[in-house]
>>> print(open('coords-v6.csv').read())   # CSV, C-alpha atoms
chain,number,residue,atom,x,y,z
H,15,MET,CA,106.3,197.9,94.3
H,16,ALA,CA,105.0,200.7,92.2
H,17,GLN,CA,101.9,198.8,91.3
H,18,THR,CA,101.1,198.2,95.0
H,19,ALA,CA,101.5,201.9,95.7
H,20,LEU,CA,99.3,202.8,92.8
H,21,MET,CA,96.5,200.4,93.9
H,22,ARG,CA,96.6,201.9,97.4
H,23,LEU,CA,96.2,205.4,96.0
H,24,ALA,CA,93.4,204.2,93.7
H,25,ALA,CA,91.6,202.8,96.8
H,26,GLY,CA,91.8,206.2,98.6
H,27,PHE,CA,91.4,208.8,95.9
H,28,PRO,CA,89.0,209.3,93.0
H,29,VAL,CA,91.9,210.4,90.8
H,30,VAL,CA,95.3,208.9,90.6
H,31,VAL,CA,98.1,210.8,88.8
H,32,ILE,CA,101.3,209.0,87.7
H,33,THR,CA,104.1,211.4,86.9
H,34,GLY,CA,107.7,210.8,85.8
H,35,PRO,CA,110.1,211.4,83.0
H,36,ARG,CA,109.7,209.9,79.5
H,37,GLN,CA,110.2,206.2,79.2
H,38,SER,CA,109.8,205.6,83.0
H,39,GLY,CA,106.9,203.2,82.6
H,40,LYS,CA,103.9,205.5,83.4
H,41,THR,CA,101.7,204.2,80.6
H,42,THR,CA,102.7,200.6,81.0
H,43,LEU,CA,102.0,200.7,84.8
H,44,ALA,CA,98.6,202.4,84.3
H,45,ARG,CA,97.4,200.0,81.6
H,46,ASN,CA,98.6,196.9,83.3
H,47,SER,CA,97.2,198.0,86.6
H,48,PHE,CA,93.8,198.9,85.2
H,49,PRO,CA,93.2,196.6,82.2
H,50,THR,CA,89.4,197.0,82.2
H,51,LYS,CA,89.5,200.8,82.1
H,52,PRO,CA,89.2,202.5,78.7
H,53,TYR,CA,92.5,204.0,77.6
H,54,VAL,CA,92.9,207.2,75.7
H,55,SER,CA,96.1,209.1,74.8
H,56,LEU,CA,96.2,212.8,74.4
H,57,GLU,CA,99.2,212.4,72.2
H,58,ASN,CA,96.7,211.4,69.5
H,59,PRO,CA,95.9,214.6,67.7
H,60,ALA,CA,92.2,213.8,67.1
H,61,GLU,CA,91.7,212.9,70.8
H,62,ARG,CA,93.6,216.0,71.9
H,63,GLU,CA,91.5,218.2,69.6
H,64,PHE,CA,88.2,216.6,70.9
H,65,ALA,CA,89.3,217.1,74.5
H,66,VAL,CA,90.1,220.8,73.9
H,67,ASP,CA,87.0,221.5,71.8
H,68,ASP,CA,84.4,219.5,73.7
H,69,PRO,CA,85.7,218.4,77.2
H,70,ILE,CA,82.2,217.4,78.3
H,71,GLY,CA,81.8,215.1,75.2
H,72,PHE,CA,85.3,213.8,75.5
H,73,LEU,CA,85.0,212.8,79.2
H,74,GLY,CA,81.4,211.8,78.7
H,75,ARG,CA,82.6,208.7,76.8
H,76,PHE,CA,84.0,207.4,80.0
H,77,PRO,CA,81.2,207.3,82.6
H,78,ASP,CA,83.1,204.7,84.6
H,79,GLY,CA,86.4,206.5,84.3
H,80,ALA,CA,89.5,205.9,82.2
H,81,VAL,CA,93.2,205.9,81.9
H,82,VAL,CA,94.0,209.3,80.3
H,83,ASP,CA,97.6,209.3,79.1
H,84,GLU,CA,99.7,212.5,78.7
H,85,VAL,CA,97.2,214.7,80.4
H,86,GLN,CA,99.7,217.6,80.4
H,87,ARG,CA,98.8,218.0,76.7
H,88,VAL,CA,95.3,219.3,77.8
H,89,PRO,CA,95.7,220.7,81.3
H,90,GLU,CA,92.2,222.3,81.2
H,91,LEU,CA,90.7,218.8,81.5
H,92,LEU,CA,91.7,218.8,85.2
H,93,SER,CA,88.9,221.3,86.0
H,94,TRP,CA,86.4,219.1,84.2
H,95,ILE,CA,87.6,216.0,85.9
H,96,GLN,CA,87.2,217.8,89.2
H,97,GLY,CA,83.5,218.4,88.5
H,98,ILE,CA,83.0,214.8,87.6
H,99,VAL,CA,84.6,213.4,90.7
H,100,ASP,CA,82.9,215.9,92.9
H,101,GLU,CA,79.6,214.6,91.5
H,102,HIS,CA,80.5,210.9,91.5
H,103,SER,CA,83.1,210.3,94.1
H,104,VAL,CA,84.2,206.8,93.1
H,105,MET,CA,87.7,205.8,94.2
H,106,GLY,CA,90.2,205.2,91.3
H,107,HIS,CA,87.7,206.7,88.8
H,108,PHE,CA,90.4,208.4,86.7
H,109,VAL,CA,94.0,207.4,86.2
H,110,LEU,CA,96.0,210.2,84.7
H,111,THR,CA,99.6,210.0,83.4
H,112,GLY,CA,101.8,213.0,82.6
H,113,SER,CA,105.3,214.4,82.7
H,114,GLN,CA,106.7,216.1,85.7
H,115,GLN,CA,106.1,219.5,84.2
H,116,PHE,CA,105.6,222.2,86.9
H,117,ASP,CA,102.4,223.4,85.3
H,118,LEU,CA,100.8,219.9,85.5
H,119,VAL,CA,101.8,219.4,89.1
H,120,ALA,CA,100.5,222.9,90.0
H,121,GLY,CA,97.3,222.2,88.1
H,122,ILE,CA,96.7,219.0,90.0
H,123,SER,CA,97.4,220.7,93.3
H,124,GLN,CA,94.9,223.5,92.4
H,125,SER,CA,92.1,221.7,90.6
H,126,LEU,CA,92.3,218.3,92.2
H,127,ALA,CA,93.4,219.2,95.8
H,128,GLY,CA,92.2,216.4,98.1
H,129,ARG,CA,90.8,214.4,95.2
H,130,ALA,CA,94.0,213.1,93.7
H,131,GLY,CA,96.8,210.9,94.9
H,132,ARG,CA,100.1,211.2,93.0
H,133,LEU,CA,102.7,208.5,92.3
H,134,GLU,CA,106.0,209.8,90.9
H,135,LEU,CA,108.0,207.2,88.9
H,136,LEU,CA,111.8,207.5,88.6
H,137,PRO,CA,113.8,206.4,85.6
H,138,LEU,CA,114.4,202.7,85.4
H,139,SER,CA,117.3,201.4,87.4
H,140,ALA,CA,120.2,199.9,85.5
H,141,SER,CA,119.1,196.4,86.3
H,142,SER,CA,115.4,196.9,85.7
H,143,PRO,CA,115.2,196.4,81.9
H,144,LEU,CA,116.3,192.8,82.0
H,145,LYS,CA,115.6,192.1,85.7
H,146,THR,CA,119.1,191.0,86.1
H,147,GLN,CA,122.1,192.1,88.0
H,148,LEU,CA,124.8,194.1,86.3
H,149,ASP,CA,127.8,192.3,84.9
H,150,SER,CA,130.5,193.6,87.1
H,151,SER,CA,133.2,192.5,84.7
H,152,ALA,CA,131.9,194.7,81.8
H,153,ASP,CA,133.8,197.9,81.0
H,154,SER,CA,132.3,201.1,79.8
H,155,GLN,CA,133.0,200.4,76.1
H,156,THR,CA,131.7,196.8,75.9
H,157,GLY,CA,129.3,196.6,78.8
H,158,PRO,CA,125.6,196.0,78.5
H,159,TRP,CA,123.6,198.8,76.8
H,160,TRP,CA,121.8,199.8,79.9
H,161,THR,CA,125.0,200.7,81.7
H,162,ARG,CA,126.0,203.0,78.9
H,163,PHE,CA,122.6,204.8,78.4
H,164,ASN,CA,121.4,205.3,82.0
H,165,GLY,CA,118.4,202.9,81.7
H,166,PHE,CA,117.0,204.7,78.6
H,167,PRO,CA,117.2,202.2,75.7
H,168,ASN,CA,116.1,204.6,73.1
H,169,CYS,CA,119.2,206.7,73.7
H,170,SER,CA,121.1,204.1,71.8
H,171,PRO,CA,120.9,204.6,68.0
H,172,GLY,CA,121.2,200.9,67.4
H,173,PHE,CA,118.6,199.8,69.9
H,174,ARG,CA,115.1,199.0,68.5
>>> encode(input="coords-v6.csv", output="structure tokens")
Amino acid sequence: MAQTALMRLAAGFPVVVITGPRQSGKTTLARNSFPTKPYVSLENPAEREFAVDDPIGFLGRFPDGAVVDEVQRVPELLSWIQGIVDEHSVMGHFVLTGSQQFDLVAGISQSLAGRAGRLELLPLSASSPLKTQLDSSADSQTGPWWTRFNGFPNCSPGFR
């Protein structure tokens, strides 16, 4: 369902932004939906530094667009992306992921108004991780991990 919505946005906007809380599947959705696009994460200190110090050089590596993960780490990139998509209005050119931080959403609204479609992901439902229905007989002490940790497996110290 989310992938269908994402592809519709990519067909109608030069920039698609996927927002949501940590571990909600933003990166996985973006990478699986656009497997031929280059991928770069701004969590990587070297990539982040390059994007801050030389945004033209950073974005110049992606003439056909890219999946840029964790864009909230370098919000000033949004203005540079605006210039690129204004010059080359190709639908689905950039796919950006980021947290739901107010500053990021405001930056998208300001810099990319009319140029970006936004898909907000919610946390995984309790049945999503294993694509199964909940075991209704499980109690809160012995039930499946996803019922005890609200769909966030990394909240469990023993889960890895």
>>> residues_around(input="coords-v6.csv", residues="H:Gln17", least_positions_apart="6", cutoff="10 Å", atoms="all atoms listed in the file", output="list in words")
Leu23, Leu43, Ala44, Asn46, Ser47 and Leu133 of chain H
>>> write_last_selection(input="coords-v6.csv", atoms="C-alpha atoms", output="short mmCIF file (atom, residue, chain, number, x, y, z; two decimals), keeping the file's coordinate frame")
data_model
loop_
_atom_site.label_atom_id
_atom_site.label_comp_id
_atom_site.auth_asym_id
_atom_site.auth_seq_id
_atom_site.Cartn_x
_atom_site.Cartn_y
_atom_site.Cartn_z
CA LEU H 23 96.20 205.40 96.00
CA LEU H 43 102.00 200.70 84.80
CA ALA H 44 98.60 202.40 84.30
CA ASN H 46 98.60 196.90 83.30
CA SER H 47 97.20 198.00 86.60
CA LEU H 133 102.70 208.50 92.30
#
>>> atom_distance(input="coords-v6.csv", atom1="atom CA of H:Arg62", atom2="atom CA of H:Arg87")
7.4 Å
>>> closest_residue(input="coords-v6.csv", among="H:Thr42, H:Gln37, H:Gln96, H:Ser55", to="H:Asp83", atoms="all atoms listed in the file")
H:Ser55
>>> atom_distance(input="coords-v6.csv", atom1="atom CA of H:Val66", atom2="atom CA of H:Ala25")
29.2 Å
>>> residues_around(input="coords-v6.csv", residues="H:Arg132", least_positions_apart="5", cutoff="10 Å", atoms="only C-alpha atoms", output="count of residues only")
16
>>> atom_distance(input="coords-v6.csv", atom1="atom CA of H:Val85", atom2="atom CA of H:Ala65")
10.1 Å
>>> closest_residue(input="coords-v6.csv", among="H:Val81, H:Phe76, H:Phe64, H:Val99", to="H:Pro49", atoms="all atoms listed in the file")
H:Val81
>>> closest_residue(input="coords-v6.csv", among="H:Met21, H:Leu56, H:Pro28, H:Asp68", to="H:Ile95", atoms="all atoms listed in the file")
H:Pro28
>>> closest_residue(input="coords-v6.csv", among="H:Pro69, H:Pro35, H:Gly79, H:Pro59", to="H:Trp94", atoms="only C-alpha atoms")
H:Pro69
>>> closest_residue(input="coords-v6.csv", among="H:Ala130, H:Ala16, H:Ala120, H:Leu92", to="H:Val104", atoms="all atoms listed in the file")
H:Ala130
>>> closest_residue(input="coords-v6.csv", among="H:Leu135, H:Val82, H:Gly71, H:Ser113", to="H:Met15", atoms="only C-alpha atoms")
H:Leu135
>>> build_atoms(input="coords-v6.csv", residues="stretch 65-76 of chain H", atoms="N, CA and C atoms", output="short mmCIF file (atom, residue, chain, number, x, y, z; two decimals), in the frame of the given file")
data_model
loop_
_atom_site.label_atom_id
_atom_site.label_comp_id
_atom_site.auth_asym_id
_atom_site.auth_seq_id
_atom_site.Cartn_x
_atom_site.Cartn_y
_atom_site.Cartn_z
N ALA H 65 89.27 216.71 73.10
CA ALA H 65 89.30 217.10 74.50
C ALA H 65 89.34 218.61 74.68
N VAL H 66 90.03 219.31 73.79
CA VAL H 66 90.10 220.80 73.90
C VAL H 66 88.77 221.40 73.44
N ASP H 67 88.21 220.92 72.32
CA ASP H 67 87.00 221.50 71.80
C ASP H 67 85.73 221.17 72.51
N ASP H 68 85.67 219.96 73.07
CA ASP H 68 84.40 219.50 73.70
C ASP H 68 84.81 218.61 74.93
N PRO H 69 85.31 219.22 76.01
CA PRO H 69 85.70 218.40 77.20
C PRO H 69 84.61 217.59 77.77
N ILE H 70 83.38 218.12 77.74
CA ILE H 70 82.20 217.40 78.30
C ILE H 70 81.99 216.12 77.44
N GLY H 71 81.99 216.28 76.13
CA GLY H 71 81.80 215.10 75.20
C GLY H 71 82.95 214.15 75.34
N PHE H 72 84.16 214.66 75.42
CA PHE H 72 85.30 213.80 75.50
C PHE H 72 85.25 212.94 76.79
N LEU H 73 85.04 213.57 77.95
CA LEU H 73 85.00 212.80 79.20
C LEU H 73 83.69 212.02 79.33
N GLY H 74 82.63 212.46 78.65
CA GLY H 74 81.40 211.80 78.70
C GLY H 74 81.44 210.35 78.11
N ARG H 75 82.45 210.08 77.32
CA ARG H 75 82.60 208.70 76.80
C ARG H 75 83.09 207.75 77.84
N PHE H 76 83.47 208.26 79.00
CA PHE H 76 84.00 207.40 80.00
C PHE H 76 83.27 207.54 81.36
#
